[in-house]
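Q: final.txt is reproduced in full below (compact mmCIF, C-alpha atoms).
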```
# COMPACT_ATOMS: atom_id res chain seq x y z
CA MET A 1 0.00 0.00 0.00
CA SER A 2 2.72 2.44 0.96
CA GLU A 3 4.47 1.54 -2.29
CA THR A 4 1.45 2.65 -4.33
CA VAL A 5 1.18 5.86 -2.36
CA ARG A 6 4.75 6.68 -3.13
CA ARG A 7 4.34 5.87 -6.80
CA GLY A 8 1.33 8.16 -6.92
CA THR A 9 3.31 10.95 -5.30
CA TRP A 10 5.96 10.60 -7.95
CA ALA A 11 3.30 10.98 -10.64
CA VAL A 12 2.02 14.17 -9.00
CA TRP A 13 5.39 15.87 -8.60
CA GLY A 14 6.70 14.55 -11.89
CA SER A 15 3.78 16.03 -13.80
CA LEU A 16 4.17 19.31 -11.93
CA LEU A 17 7.86 19.41 -12.85
CA ILE A 18 7.04 18.78 -16.50
CA ALA A 19 4.46 21.57 -16.35
CA LEU A 20 7.10 23.86 -14.85
CA PHE A 21 9.51 22.90 -17.61
CA LEU A 22 6.89 23.72 -20.27
CA THR A 23 6.37 27.08 -18.62
CA ILE A 24 9.98 28.20 -18.87
CA LEU A 25 10.78 26.52 -22.19
CA PRO A 26 11.92 29.27 -24.56
CA MET A 27 9.50 29.87 -27.43
CA PRO A 28 9.35 32.28 -30.36
CA ALA A 29 8.36 35.75 -29.22
CA TRP A 30 4.95 35.77 -30.90
CA MET A 31 3.95 32.57 -29.09
CA ASP A 32 5.09 33.90 -25.75
CA ASP A 33 1.81 35.60 -24.92
CA PHE A 34 -0.16 32.48 -25.74
CA ARG A 35 1.58 30.09 -23.38
CA PRO A 36 -1.03 27.93 -21.64
CA PRO A 37 -0.89 27.95 -17.82
CA TRP A 38 0.45 24.40 -17.56
CA VAL A 39 1.21 24.41 -13.86
CA VAL A 40 -2.25 25.63 -12.84
CA LEU A 41 -3.95 23.05 -15.06
CA THR A 42 -1.90 20.25 -13.54
CA LEU A 43 -2.61 21.54 -10.05
CA ILE A 44 -6.34 21.71 -10.70
CA PHE A 45 -6.36 18.16 -11.98
CA TRP A 46 -4.52 16.77 -8.97
CA SER A 47 -6.54 18.68 -6.41
CA LEU A 48 -9.73 17.46 -8.08
CA THR A 49 -8.65 13.82 -8.23
CA LEU A 50 -6.55 13.53 -5.07
CA PRO A 51 -7.95 16.26 -2.80
CA GLU A 52 -6.66 14.52 0.32
CA ARG A 53 -3.05 14.59 -0.93
CA VAL A 54 -2.76 17.67 -3.11
CA GLY A 55 -4.18 20.84 -1.64
CA VAL A 56 -3.37 24.36 -0.66
CA PHE A 57 0.09 23.55 0.66
CA SER A 58 1.24 21.65 -2.41
CA ALA A 59 -0.12 24.48 -4.53
CA PHE A 60 1.76 26.99 -2.42
CA ALA A 61 5.00 25.01 -2.83
CA ALA A 62 4.51 24.71 -6.59
CA GLY A 63 3.74 28.41 -6.85
CA LEU A 64 6.83 29.33 -4.87
CA THR A 65 8.97 27.15 -7.11
CA LEU A 66 7.51 28.81 -10.18
CA ASP A 67 8.18 32.23 -8.64
CA VAL A 68 11.83 31.40 -8.12
CA THR A 69 12.20 29.81 -11.53
CA THR A 70 10.73 32.73 -13.41
CA GLY A 71 12.17 35.43 -11.19
CA ALA A 72 8.77 36.82 -10.18
CA LEU A 73 8.08 38.28 -6.76
CA LEU A 74 8.32 35.57 -4.14
CA GLY A 75 4.75 34.44 -3.43
CA HIS A 76 3.33 36.01 -6.56
CA HIS A 77 2.21 32.80 -8.25
CA ALA A 78 1.88 31.03 -4.92
CA LEU A 79 -1.01 33.27 -3.86
CA GLY A 80 -3.16 32.53 -6.90
CA PHE A 81 -2.28 28.85 -6.91
CA SER A 82 -3.29 28.42 -3.28
CA LEU A 83 -6.67 30.01 -3.96
CA VAL A 84 -7.23 27.80 -7.01
CA ALA A 85 -6.28 24.67 -5.07
CA TYR A 86 -8.52 25.69 -2.19
CA LEU A 87 -11.54 26.15 -4.46
CA ALA A 88 -10.82 22.92 -6.33
CA VAL A 89 -10.47 20.87 -3.15
CA GLU A 90 -13.55 22.46 -1.65
CA LEU A 91 -15.73 21.77 -4.69
CA HIS A 92 -14.15 18.54 -5.94
CA GLN A 93 -17.14 16.33 -5.13
CA ARG A 94 -19.50 18.46 -7.15
CA VAL A 95 -17.12 19.09 -10.04
CA ARG A 96 -16.18 15.43 -10.49
CA THR A 97 -19.74 14.57 -11.44
CA PHE A 98 -19.95 17.34 -14.04
CA PRO A 99 -19.74 16.45 -17.71
CA LEU A 100 -16.45 17.41 -19.27
CA TRP A 101 -17.68 20.66 -20.86
CA GLN A 102 -19.04 21.91 -17.55
CA GLN A 103 -15.76 21.00 -15.93
CA THR A 104 -14.04 23.05 -18.59
CA LEU A 105 -16.16 26.05 -17.66
CA PHE A 106 -15.27 25.54 -13.99
CA VAL A 107 -11.57 25.32 -14.86
CA TRP A 108 -11.84 28.50 -16.90
CA LEU A 109 -13.28 30.31 -13.87
CA LEU A 110 -10.43 29.04 -11.71
CA LEU A 111 -7.87 30.20 -14.28
CA LEU A 112 -9.56 33.59 -14.38
CA ALA A 113 -9.39 33.86 -10.60
CA GLU A 114 -5.69 33.01 -10.67
CA ARG A 115 -4.94 35.61 -13.36
CA LEU A 116 -7.02 38.19 -11.51
CA LEU A 117 -5.02 37.69 -8.31
CA TYR A 118 -1.79 37.85 -10.30
CA LEU A 119 -2.91 41.13 -11.87
CA TRP A 120 -3.88 42.48 -8.50
CA VAL A 121 -0.41 41.80 -7.08
CA LEU A 122 1.12 43.35 -10.19
CA GLY A 123 -0.90 46.48 -9.55
CA ALA A 124 -0.17 46.49 -5.82
CA THR A 125 3.59 46.32 -6.37
CA GLY A 126 3.62 49.07 -8.97
CA GLN A 127 4.38 46.97 -12.03
CA PRO A 128 2.99 48.19 -15.36
CA THR A 129 -0.44 46.79 -16.23
CA PRO A 130 -0.28 44.24 -19.05
CA SER A 131 -2.42 44.52 -22.16
CA LEU A 132 -5.57 42.49 -22.86
CA VAL A 133 -3.46 39.64 -24.28
CA TYR A 134 -2.84 38.86 -20.62
CA TRP A 135 -6.21 37.09 -20.47
CA VAL A 136 -5.71 34.87 -23.51
CA PRO A 137 -3.97 32.04 -21.60
CA THR A 138 -7.15 31.45 -19.57
CA PHE A 139 -9.09 30.60 -22.75
CA LEU A 140 -6.25 28.45 -24.06
CA GLY A 141 -6.04 26.69 -20.71
CA ALA A 142 -9.77 25.99 -20.72
CA LEU A 143 -9.58 24.67 -24.28
CA LEU A 144 -6.69 22.43 -23.34
CA TRP A 145 -8.37 21.14 -20.20
CA PRO A 146 -10.09 18.07 -21.73
CA TRP A 147 -6.78 16.87 -23.16
CA VAL A 148 -4.83 17.60 -20.00
CA PHE A 149 -7.55 15.80 -18.07
CA VAL A 150 -7.38 12.68 -20.22
CA VAL A 151 -3.58 12.53 -20.28
CA LEU A 152 -3.19 13.07 -16.56
CA ARG A 153 -5.97 10.60 -15.71
CA ASP A 154 -4.17 8.01 -17.76
CA LEU A 155 -0.92 8.83 -15.95
CA ALA A 156 -2.66 8.63 -12.57
CA ARG A 157 -4.13 5.24 -13.39
CA ARG A 158 -0.80 3.89 -14.53
CA ALA A 159 0.95 5.18 -11.43
CA GLY A 160 -1.73 3.53 -9.34
CA ALA A 161 -2.70 6.75 -7.66
CA LEU A 162 -6.41 6.31 -8.34
CA MET B 1 -3.28 32.67 3.18
CA LEU B 2 -1.75 34.87 5.86
CA ALA B 3 1.64 33.39 5.09
CA ILE B 4 1.36 34.60 1.52
CA GLY B 5 0.69 38.15 2.55
CA LEU B 6 3.65 37.92 4.86
CA ILE B 7 5.88 36.74 2.07
CA LEU B 8 4.81 39.56 -0.20
CA ALA B 9 5.48 42.14 2.49
CA ASP B 10 8.75 40.51 3.41
CA HIS B 11 9.96 40.42 -0.11
CA ARG B 12 9.90 44.17 -0.44
CA ASP B 13 12.57 44.34 2.24
CA GLN B 14 14.66 41.80 0.34
CA ARG B 15 14.97 39.68 3.45
CA LEU B 16 14.13 36.40 1.78
CA GLY B 17 17.30 36.21 -0.29
CA ALA B 18 18.49 33.05 1.42
CA LEU B 19 15.26 31.13 0.77
CA ARG B 20 15.20 32.33 -2.80
CA SER B 21 18.75 31.31 -3.55
CA THR B 22 18.26 27.88 -1.98
CA LEU B 23 15.20 27.25 -4.11
CA ALA B 24 16.97 28.68 -7.12
CA VAL B 25 19.74 26.10 -6.76
CA LEU B 26 17.08 23.39 -6.71
CA VAL B 27 15.43 24.55 -9.92
CA TYR B 28 18.71 25.29 -11.71
CA PRO B 29 18.89 21.84 -13.38
CA LEU B 30 15.42 22.44 -14.77
CA GLN B 31 16.49 25.77 -16.19
CA LEU B 32 19.55 24.19 -17.77
CA LEU B 33 17.30 21.57 -19.30
CA ALA B 34 15.02 24.22 -20.75
CA ASP B 35 18.05 25.98 -22.20
CA PHE B 36 19.26 22.77 -23.84
CA PRO B 37 17.22 22.74 -27.10
CA ILE B 38 18.36 26.25 -28.04
CA ARG B 39 21.95 25.50 -27.13
CA TYR B 40 21.87 22.29 -29.15
CA ALA B 41 20.37 24.05 -32.17
CA ARG B 42 23.10 26.66 -32.00
CA GLN B 43 25.83 24.06 -31.81
CA THR B 44 24.40 22.22 -34.77
CA GLN B 45 24.31 25.45 -36.70
CA ASP B 46 27.96 26.02 -35.85
CA ARG B 47 28.85 22.56 -37.04
CA MET B 48 26.98 23.04 -40.30
CA ALA B 49 28.91 26.19 -41.18
CA ASP B 50 30.92 25.58 -44.34
CA GLU B 51 34.50 26.52 -44.98
CA GLY B 52 33.74 29.64 -47.01
CA GLN B 53 31.63 31.08 -44.24
CA LEU B 54 34.30 30.40 -41.66
CA ARG B 55 36.97 31.91 -43.89
CA ASN B 56 34.87 35.06 -44.34
CA GLN B 57 34.21 35.31 -40.66
CA ASN B 58 37.86 34.85 -39.88
CA ALA B 59 38.88 37.58 -42.30
CA GLU B 60 36.25 39.89 -40.82
CA LEU B 61 37.42 39.26 -37.28
CA LYS B 62 41.04 39.85 -38.26
CA ARG B 63 40.12 43.17 -39.79
CA ASP B 64 38.13 44.18 -36.73
CA ASN B 65 40.99 43.16 -34.51
CA LEU B 66 43.43 45.29 -36.50
CA ILE B 67 41.19 48.35 -36.26
CA LEU B 68 40.62 47.86 -32.55
CA SER B 69 44.32 47.40 -31.81
CA ALA B 70 45.12 50.56 -33.74
CA ARG B 71 42.58 52.41 -31.64
CA SER B 72 43.89 50.99 -28.40
CA GLN B 73 47.40 52.21 -29.23
CA GLN B 74 46.09 55.70 -28.95
CA LEU B 75 44.08 54.76 -25.91
CA VAL B 76 47.15 54.16 -23.76
CA ALA B 77 48.51 57.59 -24.51
CA LEU B 78 45.14 59.24 -23.98
CA GLU B 79 44.59 57.40 -20.73
CA ALA B 80 47.96 58.54 -19.41
CA GLU B 81 47.19 62.10 -20.41
CA ASN B 82 43.79 61.89 -18.77
CA MET B 83 45.32 60.60 -15.55
CA ARG B 84 47.87 63.40 -15.53
CA LEU B 85 45.19 66.05 -16.05
CA ARG B 86 43.03 64.55 -13.34
CA ASP B 87 46.02 64.55 -11.03
CA LEU B 88 46.43 68.25 -11.71
CA LEU B 89 42.78 68.81 -10.86
CA GLY B 90 43.13 66.65 -7.77
CA SER B 91 40.07 64.57 -8.62
CA SER B 92 39.83 60.86 -8.06
CA PHE B 93 39.40 58.37 -10.85
CA LYS B 94 38.64 54.71 -11.21
CA ILE B 95 41.66 52.47 -11.00
CA GLY B 96 40.73 49.55 -13.12
CA GLU B 97 38.06 47.08 -13.97
CA ARG B 98 37.87 43.36 -14.26
CA VAL B 99 35.35 41.62 -16.44
CA LEU B 100 34.03 38.11 -16.69
CA ILE B 101 32.05 36.72 -19.58
CA ALA B 102 28.79 34.96 -18.72
CA GLU B 103 26.29 33.29 -20.96
CA ILE B 104 22.58 33.99 -20.96
CA LEU B 105 20.40 30.95 -20.36
CA ALA B 106 17.48 30.80 -22.77
CA VAL B 107 14.80 30.52 -20.13
CA ASP B 108 11.49 32.28 -20.23
CA LEU B 109 11.08 34.45 -17.15
CA ALA B 110 8.01 36.26 -15.85
CA ASP B 111 6.91 38.47 -18.71
CA SER B 112 5.89 41.38 -16.51
CA ARG B 113 9.52 42.00 -15.67
CA GLN B 114 12.57 42.54 -17.80
CA GLN B 115 15.00 39.98 -16.51
CA ILE B 116 17.55 37.53 -17.83
CA LEU B 117 19.22 34.53 -16.26
CA ILE B 118 22.99 34.08 -16.61
CA ASN B 119 25.14 31.07 -15.93
CA LYS B 120 27.57 32.59 -13.43
CA GLY B 121 26.80 32.85 -9.72
CA THR B 122 28.45 33.51 -6.39
CA ASN B 123 30.93 30.70 -7.16
CA SER B 124 32.45 33.06 -9.71
CA GLY B 125 32.31 36.04 -7.37
CA VAL B 126 29.12 37.59 -8.74
CA PHE B 127 27.37 39.84 -6.22
CA VAL B 128 24.01 41.56 -5.96
CA GLY B 129 24.15 45.01 -7.54
CA GLN B 130 26.91 44.14 -9.95
CA PRO B 131 26.77 45.97 -13.30
CA VAL B 132 26.24 43.87 -16.42
CA LEU B 133 27.29 45.03 -19.91
CA ASP B 134 27.18 43.63 -23.38
CA ALA B 135 29.64 44.36 -26.18
CA SER B 136 28.20 47.80 -26.83
CA ALA B 137 26.54 49.20 -23.72
CA VAL B 138 25.14 48.80 -20.22
CA MET B 139 22.51 46.06 -19.94
CA GLY B 140 21.49 46.02 -16.30
CA GLN B 141 22.48 44.81 -12.86
CA VAL B 142 22.45 41.61 -10.88
CA ILE B 143 19.50 41.34 -8.47
CA HIS B 144 19.54 37.74 -7.23
CA THR B 145 22.45 35.36 -6.96
CA ASN B 146 22.93 31.74 -6.09
CA PRO B 147 26.06 29.63 -6.38
CA PHE B 148 25.49 28.66 -10.02
CA SER B 149 23.42 31.35 -11.68
CA SER B 150 22.17 34.86 -11.19
CA THR B 151 19.27 36.99 -12.31
CA VAL B 152 19.91 40.28 -14.07
CA LEU B 153 17.43 43.14 -14.05
CA LEU B 154 17.61 44.94 -17.40
CA ILE B 155 17.71 48.73 -17.57
CA THR B 156 14.32 48.72 -19.33
CA ASP B 157 12.51 47.22 -16.32
CA ALA B 158 10.02 49.60 -14.74
CA ASP B 159 11.83 49.24 -11.40
CA HIS B 160 15.23 50.17 -12.76
CA ALA B 161 16.74 53.63 -12.65
CA LEU B 162 20.21 54.56 -13.79
CA PRO B 163 22.05 57.90 -13.43
CA VAL B 164 23.20 59.04 -16.88
CA GLN B 165 24.91 61.96 -18.53
CA VAL B 166 24.70 63.40 -22.02
CA THR B 167 28.15 63.11 -23.62
CA ARG B 168 27.75 66.27 -25.68
CA ASN B 169 27.35 68.69 -22.77
CA GLY B 170 27.48 66.74 -19.53
CA LEU B 171 23.78 67.23 -18.71
CA ARG B 172 22.83 64.79 -15.92
CA SER B 173 19.60 62.87 -15.60
CA ILE B 174 18.13 59.60 -14.46
CA ALA B 175 17.08 56.99 -17.00
CA VAL B 176 14.11 54.94 -15.84
CA GLY B 177 12.90 51.82 -17.61
CA SER B 178 9.39 51.75 -19.04
CA GLY B 179 8.68 48.03 -18.78
CA PRO B 180 7.57 46.13 -21.85
CA GLY B 181 8.16 49.07 -24.18
CA ARG B 182 11.94 48.53 -24.19
CA GLU B 183 12.51 52.25 -23.84
CA LEU B 184 14.01 54.52 -21.24
CA ASP B 185 12.43 57.70 -19.89
CA LEU B 186 14.68 60.52 -18.76
CA LEU B 187 13.43 62.16 -15.59
CA HIS B 188 13.54 65.80 -14.54
CA ILE B 189 14.94 67.41 -17.68
CA PRO B 190 14.06 71.12 -17.49
CA LYS B 191 12.12 72.68 -20.35
CA ASN B 192 15.09 74.75 -21.47
CA ALA B 193 17.68 71.99 -21.26
CA ASP B 194 19.90 71.41 -24.23
CA ILE B 195 19.04 67.90 -25.34
CA ARG B 196 18.44 66.64 -28.86
CA VAL B 197 17.45 63.49 -30.65
CA GLY B 198 20.57 61.39 -31.24
CA ASP B 199 22.43 62.47 -28.10
CA LEU B 200 24.44 59.67 -26.55
CA LEU B 201 23.82 58.95 -22.87
CA VAL B 202 26.58 57.41 -20.81
CA SER B 203 26.46 56.20 -17.22
CA SER B 204 27.54 59.00 -14.93
CA GLY B 205 28.64 56.81 -12.05
CA LEU B 206 26.81 59.00 -9.56
CA GLY B 207 24.78 56.15 -8.12
CA GLY B 208 28.01 54.45 -7.17
CA ARG B 209 26.82 51.22 -8.70
CA PHE B 210 27.68 51.53 -12.36
CA PRO B 211 31.17 52.53 -13.47
CA PRO B 212 31.12 55.94 -15.18
CA GLY B 213 31.53 56.40 -18.91
CA TYR B 214 29.78 53.37 -20.38
CA PRO B 215 27.27 54.05 -23.15
CA VAL B 216 23.66 53.45 -22.11
CA ALA B 217 21.23 54.76 -24.69
CA ARG B 218 20.61 57.22 -27.47
CA VAL B 219 17.88 59.85 -27.23
CA SER B 220 15.10 58.87 -29.62
CA ALA B 221 12.40 61.45 -28.97
CA VAL B 222 12.20 64.83 -27.26
CA GLY B 223 8.80 66.41 -26.78
CA GLN B 224 6.76 68.82 -24.70
CA VAL B 225 3.63 67.48 -23.07
CA PRO B 226 1.39 70.23 -21.67
CA ASP B 227 0.74 68.62 -18.27
CA ASN B 228 4.37 67.66 -17.69
CA PRO B 229 6.48 70.43 -16.07
CA PHE B 230 9.59 68.82 -17.54
CA THR B 231 10.65 67.90 -21.05
CA THR B 232 9.53 64.40 -22.02
CA VAL B 233 12.57 62.54 -23.29
CA LYS B 234 12.64 58.95 -24.55
CA ALA B 235 15.81 57.03 -25.19
CA GLU B 236 16.58 53.80 -26.96
CA PRO B 237 19.01 51.45 -25.14
CA SER B 238 22.22 50.89 -27.08
CA ALA B 239 22.71 47.43 -25.66
CA ARG B 240 21.20 44.62 -27.69
CA LEU B 241 18.97 43.61 -24.83
CA ASP B 242 17.06 40.85 -26.58
CA ARG B 243 19.70 39.62 -28.97
CA SER B 244 22.93 39.17 -27.03
CA ARG B 245 24.01 35.71 -26.07
CA GLU B 246 26.94 36.70 -23.89
CA VAL B 247 27.21 39.40 -21.28
CA LEU B 248 30.09 40.95 -19.35
CA LEU B 249 30.10 41.16 -15.58
CA VAL B 250 32.17 44.07 -14.30
CA TRP B 251 34.11 44.49 -11.09
CA THR B 252 35.29 48.01 -10.41
CA LEU B 253 38.55 47.91 -8.55
CA SER B 254 39.14 50.85 -6.25
CA PRO B 255 42.62 51.15 -4.64
CA GLU B 256 41.62 49.83 -1.23
CA HIS B 257 39.50 47.02 -2.60
CA HIS B 258 41.86 46.19 -5.40
CA GLN B 259 43.68 43.33 -3.73
CA ASP B 260 40.57 42.19 -1.98
CA ALA B 261 38.53 41.93 -5.15
CA LEU B 262 41.28 40.12 -6.96
CA SER B 263 41.67 37.48 -4.30
CA ARG B 264 37.94 37.05 -3.78
CA SER B 265 37.17 36.57 -7.43
CA GLU B 266 40.08 34.21 -7.92
CA PRO B 267 37.90 31.18 -8.74
CA ALA B 268 36.70 33.03 -11.83
CA PHE B 269 40.11 32.58 -13.35
CA GLY B 270 39.87 28.86 -12.95
CA ASN B 271 37.74 28.69 -16.07
CA PRO B 272 40.05 29.86 -18.84
CA ALA B 273 37.40 29.64 -21.54
CA GLY B 274 34.89 31.87 -19.82
CA SER B 275 36.95 34.47 -18.04
CA ARG B 276 39.26 37.18 -19.17
CA SER B 277 40.84 40.04 -17.36
CA ALA B 278 40.43 43.38 -19.07
CA THR B 279 42.92 45.42 -17.14
CA GLY B 280 45.72 43.50 -15.57
CA PRO B 281 46.73 44.42 -12.04
CA GLY B 282 50.23 45.16 -13.25
CA LYS B 283 48.99 47.90 -15.50
CA SER B 284 47.07 49.72 -12.87
CA ALA B 285 49.65 49.47 -10.11
CA PRO B 286 51.89 52.35 -11.24
CA ARG B 287 48.87 54.62 -11.58
CA ARG B 288 47.94 53.93 -8.05
CA GLY B 289 51.41 54.96 -7.01
CA THR B 290 51.28 58.27 -8.81
CA ARG B 291 47.99 59.18 -7.28
CA ARG B 292 49.15 58.64 -3.77
CA GLU B 293 52.18 60.85 -4.14
```
What is this structure when it is put down as structure tokens?
A:
Amino acid sequence: MSETVRRGTWAVWGSLLIALFLTILPMPAWMDDFRPPWVVLTLIFWSLTLPERVGVFSAFAAGLTLDVTTGALLGHHALGFSLVAYLAVELHQRVRTFPLWQQTLFVWLLLLAERLLYLWVLGATGQPTPSLVYWVPTFLGALLWPWVFVVLRDLARRAGAL
Amino acid sequence: MLAIGLILADHRDQRLGALRSTLAVLVYPLQLLADFPIRYARQTQDRMADEGQLRNQNAELKRDNLILSARSQQLVALEAENMRLRDLLGSSFKIGERVLIAEILAVDLADSRQQILINKGTNSGVFVGQPVLDASAVMGQVIHTNPFSSTVLLITDADHALPVQVTRNGLRSIAVGSGPGRELDLLHIPKNADIRVGDLLVSSGLGGRFPPGYPVARVSAVGQVPDNPFTTVKAEPSARLDRSREVLLVWTLSPEHHQDALSRSEPAFGNPAGSRSATGPGKSAPRRGTRRE
């Protein structure tokens, strides 16, 4: 039993690391604004499927790591991620029974909340306000959600975390 | 949630440097990995270069080298003259500088800030606040360090301000970054100041952080906005902020710190490929002597 738990943990952190890697992978400048929020998507998936193992604290840790990796203010991503994880864990029983398109809508709302908090901190620390392109990743993330969901569910099953 | 607020507040006082650098060491392998595809592509490109190209490049470099050496012949004489004149005036002057070449890691950082990641850290003697140049001009300064890498804040970041001087007439100002626009704004230029489009701005060294006399930017627009009591001046950075691959880290060596800096940054010399000394200690020693007399 403990063996399966550990294997599941590896799946969680491994997928988060891959998401982090995709976030900092250099891309052509025109694609830069359209980078999907990989880490948030992965976090949402894990806090929906394994709410007892992945929650606010894991989200906080992941956010902090992303902050350090991308050189943002310490706690900048962590704040939004914690909120997203909290909402996902809180509502996981309801959301799990939704059909996939409703889930997508829910995920889009979470992504919006995360971006909103990020923007708020940007404003509070006196950084320049980004243009409207700033909101595009939330749509992309929502569109990608079904695929992320399927891939990660497959991974979770293989790792024996479910 | 409270902890997050605490962290945000704490970060403004820069007290979390230790935590940040520890975490940064942990994610460094990931950043190297992300840099790998670009590095590999570049190497492949190098390998594909045919003989003709290499020959051309070699000839070009030789020509450049000849021109630069001819210029530096004069430089020695001019430098000596400058030192003598400054001695007469009784003003102090920088003693010498040491530079180290670092490579930029192709990693995508937070897009709200203008930052780059370089592959030299405290192991090579890099410190927070250190000026960073590229081949043509000032690029920015180091803001975070860890043993293997450091983060550089570019001069175009909205949080960055740099004391500058117009070369033509010595007019002083402060160049502040404008964020994503990749432009600099000059602050507090009076309405009647003599400044024109095309003026070269060099670092004035007044902040004590950047060595004086390095080119920073060229004035690109001068205008009068009715609600602004000062002249609105925009400048275009001379450094190739988004195209350089290598940057120079600079140590300014003042007389009292001269020996100290040399011995502390010794490990940097251990890597012969990456490090070069611009002004040897032997060259600057006699100057030091003259100034003390």
Q: Using only C-alpha atoms, can you tell me which of A:Thr70, A:Thr97, A:Ser58, A:Thr49 comes closest to chain B?
A: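 Using only C-alpha atoms, the shortest distance to chain B belongs to A:Thr70.
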Q: Quick one: distance from atom CA of Leu110 of chain A to atom CA of Arg35 of chain A in Å, one decimal?
A: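 For atom CA of Leu110 of chain A relative to atom CA of Arg35 of chain A, the distance reads 16.8 Å.
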Q: Could you list the residues in chain A lying within 8 Å of chain B, using only C-alpha atoms, and format the result as a PDB file with C-alpha atoms, keeping the file's coordinate frame?
A:
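The resulting file, iface.pdb, is shown below:
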```pdb
ATOM      1  CA  PHE A  21       9.510  22.900 -17.610  1.00  0.00           C
ATOM      2  CA  THR A  23       6.370  27.080 -18.620  1.00  0.00           C
ATOM      3  CA  ILE A  24       9.980  28.200 -18.870  1.00  0.00           C
ATOM      4  CA  LEU A  25      10.780  26.520 -22.190  1.00  0.00           C
ATOM      5  CA  PRO A  26      11.920  29.270 -24.560  1.00  0.00           C
ATOM      6  CA  MET A  27       9.500  29.870 -27.430  1.00  0.00           C
ATOM      7  CA  THR A  65       8.970  27.150  -7.110  1.00  0.00           C
ATOM      8  CA  VAL A  68      11.830  31.400  -8.120  1.00  0.00           C
ATOM      9  CA  THR A  69      12.200  29.810 -11.530  1.00  0.00           C
ATOM     10  CA  THR A  70      10.730  32.730 -13.410  1.00  0.00           C
ATOM     11  CA  GLY A  71      12.170  35.430 -11.190  1.00  0.00           C
ATOM     12  CA  ALA A  72       8.770  36.820 -10.180  1.00  0.00           C
ATOM     13  CA  LEU A  73       8.080  38.280  -6.760  1.00  0.00           C
ATOM     14  CA  LEU A  74       8.320  35.570  -4.140  1.00  0.00           C
ATOM     15  CA  GLY A  75       4.750  34.440  -3.430  1.00  0.00           C
ATOM     16  CA  HIS A  76       3.330  36.010  -6.560  1.00  0.00           C
ATOM     17  CA  ALA A  78       1.880  31.030  -4.920  1.00  0.00           C
ATOM     18  CA  LEU A  79      -1.010  33.270  -3.860  1.00  0.00           C
ATOM     19  CA  SER A  82      -3.290  28.420  -3.280  1.00  0.00           C
ATOM     20  CA  GLN A 127       4.380  46.970 -12.030  1.00  0.00           C
ATOM     21  CA  PRO A 128       2.990  48.190 -15.360  1.00  0.00           C
ATOM     22  CA  PRO A 130      -0.280  44.240 -19.050  1.00  0.00           C
TER      23      PRO A 130
END
```
Q: Could you give me, as a ChimeraX atom specification, the residues within 7 Å of Leu16 of chain A, counting all atoms listed in the file and dropping anything in the same chain fewer than 4 positions from it?
A: /A:12,20,39,42
Q: Measuring atom to atom with all atoms listed in the file, identify which of B:Arg172, B:Ala59, B:Ala221, B:Leu78 is nearest to Gly207 of chain B.
A: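 Closest candidate: B:Arg172.
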Q: When you draw a straight line from atom CA of Glu103 of chain B to atom CA of Asn119 of chain B, how long is it in Å?
A: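 Calculated distance between atom CA of Glu103 of chain B and atom CA of Asn119 of chain B is 5.6 Å.
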